[in-house]
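A.B. asks: Structure incoming, see below.
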Amino acid sequence: MGARKTSPAEPGLMPLAGHLVEARTRIFRAAIGVAVAVVVGYLFSDPILDLLRAPIVALAQSRNATLNYGSVSGAFELKMKIALYTGLVLSSPVWLYQLFAFFVPALTRREKKYTFGFLFSAVPLFLIGCLTGFALFPHVVELLANFASAEDSTILEASYYFDFVMKLVLAVGVAFVLPVFVVLLNLIGVLPGITIVRGWRLVLVAIVLFCALATPAADIMSMFLLAIPMCALFAAAAGIALLHDRRVARRAAVLTADSRESVTA
């Protein structure tokens, strides 16, 4: 028998040219959304820079501390960088929707369930983590700057300072999303729930160390305010993984019993 010829008009199928046209349309819409959000970010770049500069202003009360621009265009480049980061965050609903609207039709029902479940849990946790990191970065700047003597001047290169803050904010955001990755690994059968539970000591030590480095405030309460939600997220991930493994084991037992009954029959 010869191979069945597939018509381009057959339901559920799209020729390559159609995929390319749709991809171009999705990219164009996402680019428009990012461009509009970047303009908004540029308009708000000065207030954002004031928030970033606040730890330096507080540090300047006890020593000579300023932000430094290493070139004539340094201030403009920093504003554009702030606008770009802000625009990507503000337009994330637009380009994320365009991205998944392009790929989701090709996914199976199970893959769609995992994908949307991951997005609906990971995105809010990442944003909450970024907000937490943004609230904590002044403490980190204060701690690191205080290693210098009060007689020394703290002159920070503006672009490097902005990159440092963004890396810290993203690190805390990713730390909040890690439990979701743990659950995802369990759902696809890579990481058993019992393994997650047995590693709780290592996870607890890692969380405490991370929080101690990220919250170098004078009081220890700041560390606990960050460590408690991270520990709660890990515990929730372990609980979900155990429930999932139990359901899979129960389903496997039922299938095994049915197969034995069919053989004996």
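Here's how to read the names in the structure tokens: chain A, B, ... by the order shown, residue numbers from 1 in each chain, ligand numbers from 1 in the order shown.
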Using only C-alpha atoms, determine which residues lie at most 12 Å from Val190 (chain A), disregarding the query and same-chain residues fewer than 5 positions distant; provide the list as a PyMOL selection string.
C.D. replies: chain A and resi 181-185+195-196+241+245
A.B. asks: Could you turn the residues from that selection into a file that holds all heavy atoms, as an mmCIF file, in the first residue's frame?
C.D. replies:
```cif
data_model
loop_
_atom_site.group_PDB
_atom_site.id
_atom_site.type_symbol
_atom_site.label_atom_id
_atom_site.label_comp_id
_atom_site.auth_asym_id
_atom_site.auth_seq_id
_atom_site.Cartn_x
_atom_site.Cartn_y
_atom_site.Cartn_z
ATOM 1 N N PHE A 181 10.026 23.847 39.471
ATOM 2 C CA PHE A 181 10.838 22.933 38.673
ATOM 3 C C PHE A 181 10.923 21.569 39.344
ATOM 4 O O PHE A 181 10.943 20.535 38.661
ATOM 5 C CB PHE A 181 12.244 23.509 38.466
ATOM 6 C CG PHE A 181 12.316 24.559 37.409
ATOM 7 C CD1 PHE A 181 12.375 25.899 37.748
ATOM 8 C CD2 PHE A 181 12.321 24.219 36.067
ATOM 9 C CE1 PHE A 181 12.452 26.880 36.779
ATOM 10 C CE2 PHE A 181 12.390 25.187 35.085
ATOM 11 C CZ PHE A 181 12.458 26.520 35.434
ATOM 12 N N VAL A 182 10.996 21.554 40.674
ATOM 13 C CA VAL A 182 11.037 20.282 41.403
ATOM 14 C C VAL A 182 9.764 19.475 41.139
ATOM 15 O O VAL A 182 9.806 18.267 40.865
ATOM 16 C CB VAL A 182 11.229 20.539 42.909
ATOM 17 C CG1 VAL A 182 11.048 19.248 43.707
ATOM 18 C CG2 VAL A 182 12.611 21.126 43.176
ATOM 19 N N VAL A 183 8.617 20.150 41.194
ATOM 20 C CA VAL A 183 7.347 19.476 40.917
ATOM 21 C C VAL A 183 7.293 18.995 39.467
ATOM 22 O O VAL A 183 6.830 17.882 39.178
ATOM 23 C CB VAL A 183 6.164 20.420 41.214
ATOM 24 C CG1 VAL A 183 4.844 19.791 40.781
ATOM 25 C CG2 VAL A 183 6.113 20.753 42.695
ATOM 26 N N LEU A 184 7.784 19.809 38.547
ATOM 27 C CA LEU A 184 7.782 19.423 37.137
ATOM 28 C C LEU A 184 8.645 18.184 36.905
ATOM 29 O O LEU A 184 8.246 17.273 36.159
ATOM 30 C CB LEU A 184 8.280 20.585 36.282
ATOM 31 C CG LEU A 184 8.259 20.373 34.765
ATOM 32 C CD1 LEU A 184 6.832 20.152 34.280
ATOM 33 C CD2 LEU A 184 8.880 21.564 34.046
ATOM 34 N N LEU A 185 9.816 18.135 37.523
ATOM 35 C CA LEU A 185 10.675 16.952 37.403
ATOM 36 C C LEU A 185 9.990 15.710 37.970
ATOM 37 O O LEU A 185 10.168 14.601 37.465
ATOM 38 C CB LEU A 185 12.003 17.193 38.116
ATOM 39 C CG LEU A 185 12.943 18.214 37.473
ATOM 40 C CD1 LEU A 185 14.171 18.428 38.360
ATOM 41 C CD2 LEU A 185 13.367 17.764 36.082
ATOM 42 N N THR A 195 12.629 11.053 47.313
ATOM 43 C CA THR A 195 13.978 11.629 47.200
ATOM 44 C C THR A 195 13.976 13.089 47.609
ATOM 45 O O THR A 195 14.908 13.581 48.243
ATOM 46 C CB THR A 195 14.490 11.481 45.756
ATOM 47 O OG1 THR A 195 14.475 10.097 45.392
ATOM 48 C CG2 THR A 195 15.904 12.017 45.623
ATOM 49 N N ILE A 196 12.909 13.806 47.249
ATOM 50 C CA ILE A 196 12.794 15.219 47.634
ATOM 51 C C ILE A 196 12.720 15.342 49.147
ATOM 52 O O ILE A 196 13.379 16.195 49.749
ATOM 53 C CB ILE A 196 11.561 15.853 46.972
ATOM 54 C CG1 ILE A 196 11.656 15.730 45.448
ATOM 55 C CG2 ILE A 196 11.415 17.315 47.379
ATOM 56 C CD1 ILE A 196 10.403 16.184 44.729
ATOM 57 N N ALA A 241 4.563 16.349 45.174
ATOM 58 C CA ALA A 241 5.275 15.230 44.565
ATOM 59 C C ALA A 241 4.882 13.908 45.211
ATOM 60 O O ALA A 241 4.682 12.894 44.515
ATOM 61 C CB ALA A 241 6.781 15.455 44.679
ATOM 62 N N ASP A 245 3.083 10.780 43.308
ATOM 63 C CA ASP A 245 3.650 9.435 43.285
ATOM 64 C C ASP A 245 2.665 8.412 43.833
ATOM 65 O O ASP A 245 2.572 7.284 43.323
ATOM 66 C CB ASP A 245 4.947 9.400 44.101
ATOM 67 C CG ASP A 245 6.072 10.149 43.416
ATOM 68 O OD1 ASP A 245 5.923 10.493 42.231
ATOM 69 O OD2 ASP A 245 7.106 10.408 44.077
#
```
A.B. asks: May I have all residues of region 36-258 of chain A that DSSP, computed from the backbone, assigns to strand (DSSP E or B), given as JSON, numbers by chain?
C.D. replies: {"A": [65, 66, 67, 68, 154, 155, 156, 157]}
A.B. asks: Could you tell me which of A:Leu136, A:Leu144, A:Tyr114, A:Ala23 comes closest to Leu156 (chain A) if we count only C-alpha atoms?
C.D. replies: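 Between A:Leu136, A:Leu144, A:Tyr114, A:Ala23, the residue approaching Leu156 (chain A) most closely is A:Leu144.
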A.B. asks: Name all residues at most 10 Å from region 117-129 of chain A (count only C-alpha atoms; drop same-chain ones fewer than 6 positions away) and give them as JSON, numbers by chain.
C.D. replies: {"A": [89, 92, 93, 96, 111, 135, 169, 170, 171, 172, 173, 174, 175, 176, 177, 178, 179, 180, 181, 183, 184, 226, 230, 233]}
A.B. asks: When you count only C-alpha atoms, which of these residues is closest to Pro192 (chain A): A:Val39, A:Val205, A:Val248, A:Leu168?
C.D. replies: A:Val248
A.B. asks: So the first atom is CA of Thr154 (chain A) and the second is CA of Thr86 (chain A); what is the distance between them in Å, to one decimal place?
C.D. replies: 27.1 Å
A.B. asks: Return the single residue from A:Leu202, A:Leu243, A:Glu157, A:His139 that is closest to Ser71 (chain A), with distances computed using only C-alpha atoms.
C.D. replies: A:Glu157
A.B. asks: Skip Leu49 (chain A) itself and residues of its chain fewer than 6 positions away, then list as a list of chain:residue names all residues within 9 Å of it, counting only C-alpha atoms.
C.D. replies: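 Here the qualifying residues turn out to be A:Lys79, A:Ile82, A:Phe162.
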A.B. asks: With all heavy atoms retained, export the selected residues as a PDB file, in the first residue's frame.
C.D. replies:
```pdb
ATOM      1  N   LYS A  79      19.743  54.785  31.120  1.00  0.00           N
ATOM      2  CA  LYS A  79      18.295  54.992  30.992  1.00  0.00           C
ATOM      3  C   LYS A  79      17.696  54.032  29.967  1.00  0.00           C
ATOM      4  O   LYS A  79      16.596  53.508  30.166  1.00  0.00           O
ATOM      5  CB  LYS A  79      18.003  56.431  30.593  1.00  0.00           C
ATOM      6  CG  LYS A  79      18.338  57.466  31.676  1.00  0.00           C
ATOM      7  CD  LYS A  79      17.846  58.850  31.310  1.00  0.00           C
ATOM      8  CE  LYS A  79      16.340  58.916  31.315  1.00  0.00           C
ATOM      9  NZ  LYS A  79      15.836  60.304  31.158  1.00  0.00           N
ATOM     10  N   ILE A  82      17.483  50.602  31.610  1.00  0.00           N
ATOM     11  CA  ILE A  82      16.337  50.560  32.519  1.00  0.00           C
ATOM     12  C   ILE A  82      15.038  50.444  31.727  1.00  0.00           C
ATOM     13  O   ILE A  82      14.136  49.670  32.081  1.00  0.00           O
ATOM     14  CB  ILE A  82      16.321  51.806  33.422  1.00  0.00           C
ATOM     15  CG1 ILE A  82      17.519  51.786  34.371  1.00  0.00           C
ATOM     16  CG2 ILE A  82      15.016  51.890  34.211  1.00  0.00           C
ATOM     17  CD1 ILE A  82      17.653  53.046  35.209  1.00  0.00           C
ATOM     18  N   PHE A 162      23.784  48.847  38.249  1.00  0.00           N
ATOM     19  CA  PHE A 162      22.467  48.414  37.780  1.00  0.00           C
ATOM     20  C   PHE A 162      22.478  46.917  37.468  1.00  0.00           C
ATOM     21  O   PHE A 162      21.539  46.193  37.822  1.00  0.00           O
ATOM     22  CB  PHE A 162      22.071  49.210  36.542  1.00  0.00           C
ATOM     23  CG  PHE A 162      20.769  48.783  35.935  1.00  0.00           C
ATOM     24  CD1 PHE A 162      19.560  49.164  36.494  1.00  0.00           C
ATOM     25  CD2 PHE A 162      20.753  47.985  34.794  1.00  0.00           C
ATOM     26  CE1 PHE A 162      18.361  48.762  35.939  1.00  0.00           C
ATOM     27  CE2 PHE A 162      19.565  47.580  34.231  1.00  0.00           C
ATOM     28  CZ  PHE A 162      18.362  47.969  34.800  1.00  0.00           C
TER      29      PHE A 162
END
```
A.B. asks: Please list as an NGL selection string every residue within 10 Å of region 148-153 of chain A, counting only C-alpha atoms and excluding residues in the same chain fewer than 4 positions away.
C.D. replies: :A and (60 or 62-66 or 143-144)
A.B. asks: Pick the closest to Leu242 (chain A) from A:Arg201, A:Asn186, A:Phe224, A:Ser259: which is it, counting only C-alpha atoms?
C.D. replies: A:Asn186
A.B. asks: I'd like to know which of A:Asn146, A:Ser159, A:Ser91, A:Gln61 is closest to Ala30 (chain A), using only C-alpha atoms.
C.D. replies: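 The shortest atom-to-atom distance to Ala30 (chain A) comes from A:Ser91.
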A.B. asks: Give me the residues near Ser45 (chain A) as a count of residues only, where near means some atom within 10 Å (using only C-alpha atoms) and where sequence neighbours in that chain fewer than 3 positions away do not count.
C.D. replies: 17
A.B. asks: What parts of region 47-199 of chain A does DSSP call helix (DSSP H, G or I)? I'd like the answer as a ChimeraX atom specification.
C.D. replies: /A:47-59,74-90,92-106,109-145,158-187,193-198
